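Written out below as structure tokens is the structure these notes cover.
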Amino acid sequence: MIQLEHIEVAYGRERPVLALESLRIAPGERVAIIGPSGAGKSTLLRCLKGFVRPRRGKVEVLGVNLACSGQSARRAVNQRVALIYQQFRLVPRLSVLENTLCGRLGHTHRWRSLFGWFTPEDTRAAWAAIIEVGLTKKVHQRADTLSGGEQQRVAVARAVAQEPELILADEPVSSLDPAWAADVLELLTTVQSHHHATLVMTLHQPELARGFAQRVIGLRAGHIVWDGPAGDLTDDNLQALYGSDQSNYVPFRHDATA
Amino acid sequence: MLAALTLAALAWSVVGTETSFASLHRALPNMSAFLHRMWPPDLSWDTSEARPFSPPLRLAAAAVAITLQISLLGTALGAVGAVLLGLLASENLTPHWLHHPIKVFLALVRSLPIILLALLFVAAIGLGPMPGVLAVAVHSLGMLGKLYAEEFETADPGVWEALDGAGANWFQKVRFALWPQAARQIFSHTLFRFEMNLRESAVLGLVGVAGLGLWIENYRRAFDYRSVATMVLVTMLLVLAVDQVVFHARRRLK
């Protein structure tokens, strides 16, 4: 599914923000990436999406090496990988249904979609996605009038409508309050297992990673410092990961995962 | 320093244009005679009396129609072109070698006064409404292209990236990421420009474009100042009416 080897990612001539020897993620895995701010978590996800190219190394996603393949191959993989953002990035003024249909843009007829004409198959997929995220009562409501948690649900619906094999989520719950955060992560894991997809998410709070992921990868200064089953992650490991940088360490809180 | 420069520039202008209260005072009898000749506006409907042109009220409806048609069609043509050039002129959508020359082109088009454009089109095409349509369209293109490009440039790039990640192609991203964010402002700018164009196309009669302006010019040349007054009043009413419609339409777009 995912295979990274000897990659080095840098912006400009700066020293690399991400330098990984080797990382493999198997199909169907549910992985959380944690670590202090600036550890390279987002860069890793953008690398897997093909938005960022490594200076060197191999980034193989769904059988395509994103580090050196041409435009058309990257585009083909692009559609099979969905990315969910912290800020939702929904289209303002469009309804929940229209936003979900945006996830079909890679599948549907290119020219017809410009007139807002989608195939019955697209509409069916969008409705199924909306039912899955539980927003049937708000299908025609404008997405920017919804609460943060509901907006993130629309973003998940858009990702589901895309029919991805790999779902990436970049801090999906960092702008939500704890109740909504648990709710959205619950939804993400349900969607992932229902569609037999692989889920890789970055999380700011280690206790959410322990609660919702099977495998946790700890990044610090662009390197993997911890990689193992979520159950094996101890408070000592977290101390080592976040170090003395207490500002980034969010204390363990059991109630959020309950 | 700035104040001194401004005063100097104003003094220079006063001397150059020979503007003074004294000459204004000397012109007063002339002005009052002129206003007197315009009063009362000619509201007759009778065609039996011999005169160079029909009474103004008989011509007003057709003149209003042609002026409206020129501004509607000119604005529409300009707006369609402006959407295309506006997209190509957006810094976030096209490379520098493409958006820069297009921005310069739009600025050049804008820099020509509309009456000069109309003069050129009348010379190239001949008298009638069409040179007016083209002049209005070209001048609108220059202004709307720039305004549309600014709307596209201020749209949230995050949405663009999100739809890119969903597999959308360039046209789909323009349609679904940019258009919903820019459409209201684009309609608002277009309505504003339509209102401007209506005023402009009333003036274009001076260089031979059909419409209200042409009749004002015709009556003036025939020294029929009472009919000039009627046509000026009709123009004012039309502009005020459209101004109100556009004002309410734009407020609803807010």
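Ligands are numbered from 1 in the order shown, residues from 1 within each chain, and chains are lettered A, B, ... in the order they appear in the structure tokens.
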With only C-alpha atoms considered, list every residue of chain B at most 9 Å from chain A, as a ChimeraX atom specification. /B:156,158-169,171-172,175-178,180-181
For the residues in the current selection, export C-alpha atoms as a PDB file, in the first residue's frame.
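Okay, result-v5.pdb is ready:
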ATOM      1  CA  ASP B 156      -9.498  30.543  -0.647  1.00  0.00           C
ATOM      2  CA  GLY B 158      -7.399  25.641   0.301  1.00  0.00           C
ATOM      3  CA  VAL B 159     -10.657  24.768  -1.448  1.00  0.00           C
ATOM      4  CA  TRP B 160      -8.849  24.654  -4.774  1.00  0.00           C
ATOM      5  CA  GLU B 161      -6.296  22.216  -3.358  1.00  0.00           C
ATOM      6  CA  ALA B 162      -9.015  20.086  -1.750  1.00  0.00           C
ATOM      7  CA  LEU B 163     -10.840  19.633  -5.061  1.00  0.00           C
ATOM      8  CA  ASP B 164      -7.537  19.046  -6.810  1.00  0.00           C
ATOM      9  CA  GLY B 165      -7.011  16.232  -4.351  1.00  0.00           C
ATOM     10  CA  ALA B 166     -10.442  14.828  -5.210  1.00  0.00           C
ATOM     11  CA  GLY B 167      -9.323  14.420  -8.820  1.00  0.00           C
ATOM     12  CA  ALA B 168     -10.931  17.521 -10.350  1.00  0.00           C
ATOM     13  CA  ASN B 169      -9.372  18.934 -13.519  1.00  0.00           C
ATOM     14  CA  PHE B 171     -12.066  23.529 -15.464  1.00  0.00           C
ATOM     15  CA  GLN B 172     -13.817  21.627 -12.689  1.00  0.00           C
ATOM     16  CA  ARG B 175     -16.312  25.822 -11.708  1.00  0.00           C
ATOM     17  CA  PHE B 176     -16.554  24.292  -8.234  1.00  0.00           C
ATOM     18  CA  ALA B 177     -13.762  25.870  -6.165  1.00  0.00           C
ATOM     19  CA  LEU B 178     -13.539  29.407  -7.583  1.00  0.00           C
ATOM     20  CA  PRO B 180     -19.039  29.683  -5.921  1.00  0.00           C
ATOM     21  CA  GLN B 181     -16.637  31.936  -4.021  1.00  0.00           C
TER      22      GLN B 181
END
I need the residues of region 20-239 of chain A that end up classed as alpha helix (DSSP H) by DSSP on the backbone, written out as a PyMOL selection string. chain A and resi 41-49+71-80+96-101+110-113+120-133+148-161+178-194+206-212+235-239
Which residues come within 7 Å of region 209-219 of chain A, counting only C-alpha atoms, excluding same-chain residues fewer than 6 positions away, as a ChimeraX atom specification? /A:30-35,39,41,185,203,225-231,241,257
Using only C-alpha atoms, pick whichever of B:Ser44, B:Met196, B:Ala60, B:Leu28 has the shortest atom-to-atom distance to Leu237 (chain B).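 Closest residue, counting only C-alpha atoms: B:Ala60.
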Separation of CA of Gly74 (chain B) from CA of His139 (chain B), in Å and rounded to one decimal: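 Interatomic distance, CA of Gly74 (chain B) to CA of His139 (chain B): 9.0 Å.
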DSSP on the backbone: what in region 1-234 of chain A comes out strand (DSSP E or B), as JSON, numbers by chain? {"A": [2, 3, 4, 5, 6, 7, 8, 9, 18, 19, 20, 21, 22, 23, 24, 25, 30, 31, 32, 33, 34, 56, 57, 58, 59, 60, 61, 64, 65, 81, 82, 83, 84, 95, 142, 166, 167, 168, 169, 170, 198, 199, 200, 201, 202, 215, 216, 217, 218, 219, 220, 223, 224, 225, 226, 227, 228, 229]}
Measure the distance from CA of Gly28 (chain A) to CA of Glu150 (chain A) in Å and round it to one decimal. 25.8 Å
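Atom pair CA of Gly38 (chain A) / CA of Asp235 (chain A): separated by 21.0 Å.
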Which residues are close to region 92-101 of chain B, i.e. within 10 Å by only C-alpha atoms, leaving aside same-chain residues fewer than 3 positions away? Reply as a list of chain:residue names.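 Near neighbours after the sequence-gap exclusion: B:Leu85, B:Gly86, B:Leu87, B:Leu88, B:Ala89, B:Val104, B:Phe105, B:Leu106, B:Ala107, B:Ala149, B:Phe152, B:Glu153, B:Thr154, B:Ala155, B:Pro157, B:Trp170, B:Val174.
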Surrounding residues of Phe194 (chain B) excluding itself and chain neighbours under 5 positions, 10 Å, only C-alpha atoms, as an MDAnalysis selection string: chainID B and resid 68 71:76 79 136 140 188:189 199:200 242:243 246
Expected file: the selected residues, N, CA, C and O atoms, as a PDB file, in the first residue's frame:
ATOM      1  N   LEU B  68     -30.864  51.226 -24.025  1.00  0.00           N
ATOM      2  CA  LEU B  68     -30.862  50.074 -23.123  1.00  0.00           C
ATOM      3  C   LEU B  68     -30.236  48.857 -23.809  1.00  0.00           C
ATOM      4  O   LEU B  68     -29.432  48.132 -23.214  1.00  0.00           O
ATOM      5  N   SER B  71     -26.458  49.089 -23.996  1.00  0.00           N
ATOM      6  CA  SER B  71     -25.745  48.856 -22.734  1.00  0.00           C
ATOM      7  C   SER B  71     -25.893  47.413 -22.270  1.00  0.00           C
ATOM      8  O   SER B  71     -24.949  46.836 -21.721  1.00  0.00           O
ATOM      9  N   LEU B  72     -27.075  46.799 -22.493  1.00  0.00           N
ATOM     10  CA  LEU B  72     -27.257  45.399 -22.098  1.00  0.00           C
ATOM     11  C   LEU B  72     -26.311  44.483 -22.871  1.00  0.00           C
ATOM     12  O   LEU B  72     -25.554  43.694 -22.284  1.00  0.00           O
ATOM     13  N   LEU B  73     -26.341  44.622 -24.199  1.00  0.00           N
ATOM     14  CA  LEU B  73     -25.535  43.724 -25.033  1.00  0.00           C
ATOM     15  C   LEU B  73     -24.045  43.999 -24.830  1.00  0.00           C
ATOM     16  O   LEU B  73     -23.243  43.066 -24.709  1.00  0.00           O
ATOM     17  N   GLY B  74     -23.695  45.297 -24.733  1.00  0.00           N
ATOM     18  CA  GLY B  74     -22.291  45.639 -24.534  1.00  0.00           C
ATOM     19  C   GLY B  74     -21.773  45.097 -23.217  1.00  0.00           C
ATOM     20  O   GLY B  74     -20.679  44.528 -23.142  1.00  0.00           O
ATOM     21  N   THR B  75     -22.559  45.231 -22.140  1.00  0.00           N
ATOM     22  CA  THR B  75     -22.136  44.722 -20.836  1.00  0.00           C
ATOM     23  C   THR B  75     -21.997  43.197 -20.883  1.00  0.00           C
ATOM     24  O   THR B  75     -21.032  42.636 -20.370  1.00  0.00           O
ATOM     25  N   ALA B  76     -22.986  42.525 -21.525  1.00  0.00           N
ATOM     26  CA  ALA B  76     -22.952  41.061 -21.571  1.00  0.00           C
ATOM     27  C   ALA B  76     -21.728  40.566 -22.326  1.00  0.00           C
ATOM     28  O   ALA B  76     -21.002  39.675 -21.843  1.00  0.00           O
ATOM     29  N   ALA B  79     -18.679  41.191 -20.273  1.00  0.00           N
ATOM     30  CA  ALA B  79     -18.579  40.329 -19.098  1.00  0.00           C
ATOM     31  C   ALA B  79     -18.105  38.922 -19.477  1.00  0.00           C
ATOM     32  O   ALA B  79     -17.284  38.332 -18.780  1.00  0.00           O
ATOM     33  N   VAL B 136     -18.790  49.848 -25.835  1.00  0.00           N
ATOM     34  CA  VAL B 136     -19.177  49.520 -24.459  1.00  0.00           C
ATOM     35  C   VAL B 136     -18.562  48.178 -24.047  1.00  0.00           C
ATOM     36  O   VAL B 136     -18.017  48.029 -22.944  1.00  0.00           O
ATOM     37  N   SER B 140     -15.861  47.761 -21.075  1.00  0.00           N
ATOM     38  CA  SER B 140     -16.266  46.948 -19.929  1.00  0.00           C
ATOM     39  C   SER B 140     -15.282  45.806 -19.712  1.00  0.00           C
ATOM     40  O   SER B 140     -14.952  45.462 -18.575  1.00  0.00           O
ATOM     41  N   SER B 188     -22.254  41.459  -8.857  1.00  0.00           N
ATOM     42  CA  SER B 188     -22.362  42.806  -8.327  1.00  0.00           C
ATOM     43  C   SER B 188     -21.556  43.798  -9.173  1.00  0.00           C
ATOM     44  O   SER B 188     -22.052  44.864  -9.544  1.00  0.00           O
ATOM     45  N   HIS B 189     -20.312  43.442  -9.490  1.00  0.00           N
ATOM     46  CA  HIS B 189     -19.477  44.299 -10.346  1.00  0.00           C
ATOM     47  C   HIS B 189     -20.147  44.501 -11.705  1.00  0.00           C
ATOM     48  O   HIS B 189     -20.110  45.594 -12.265  1.00  0.00           O
ATOM     49  N   ARG B 199     -25.298  55.118 -18.691  1.00  0.00           N
ATOM     50  CA  ARG B 199     -24.957  56.553 -18.748  1.00  0.00           C
ATOM     51  C   ARG B 199     -24.045  56.842 -19.928  1.00  0.00           C
ATOM     52  O   ARG B 199     -24.247  57.801 -20.658  1.00  0.00           O
ATOM     53  N   GLU B 200     -23.028  55.960 -20.088  1.00  0.00           N
ATOM     54  CA  GLU B 200     -22.067  56.172 -21.179  1.00  0.00           C
ATOM     55  C   GLU B 200     -22.749  56.097 -22.537  1.00  0.00           C
ATOM     56  O   GLU B 200     -22.489  56.910 -23.402  1.00  0.00           O
ATOM     57  N   VAL B 242     -32.932  52.915 -13.599  1.00  0.00           N
ATOM     58  CA  VAL B 242     -31.978  51.796 -13.631  1.00  0.00           C
ATOM     59  C   VAL B 242     -31.091  51.824 -12.385  1.00  0.00           C
ATOM     60  O   VAL B 242     -30.779  50.777 -11.804  1.00  0.00           O
ATOM     61  N   ASP B 243     -30.722  53.031 -11.966  1.00  0.00           N
ATOM     62  CA  ASP B 243     -29.924  53.185 -10.748  1.00  0.00           C
ATOM     63  C   ASP B 243     -30.627  52.519  -9.562  1.00  0.00           C
ATOM     64  O   ASP B 243     -30.010  51.801  -8.779  1.00  0.00           O
ATOM     65  N   VAL B 246     -30.672  48.630 -10.002  1.00  0.00           N
ATOM     66  CA  VAL B 246     -29.346  48.064  -9.754  1.00  0.00           C
ATOM     67  C   VAL B 246     -28.994  48.134  -8.266  1.00  0.00           C
ATOM     68  O   VAL B 246     -28.455  47.187  -7.698  1.00  0.00           O
TER      69      VAL B 246
END
As a count of residues only, please: the residues near Ala169 (chain A) (cut-off 8 Å, only C-alpha atoms, same-chain neighbours under 3 positions excluded). 10
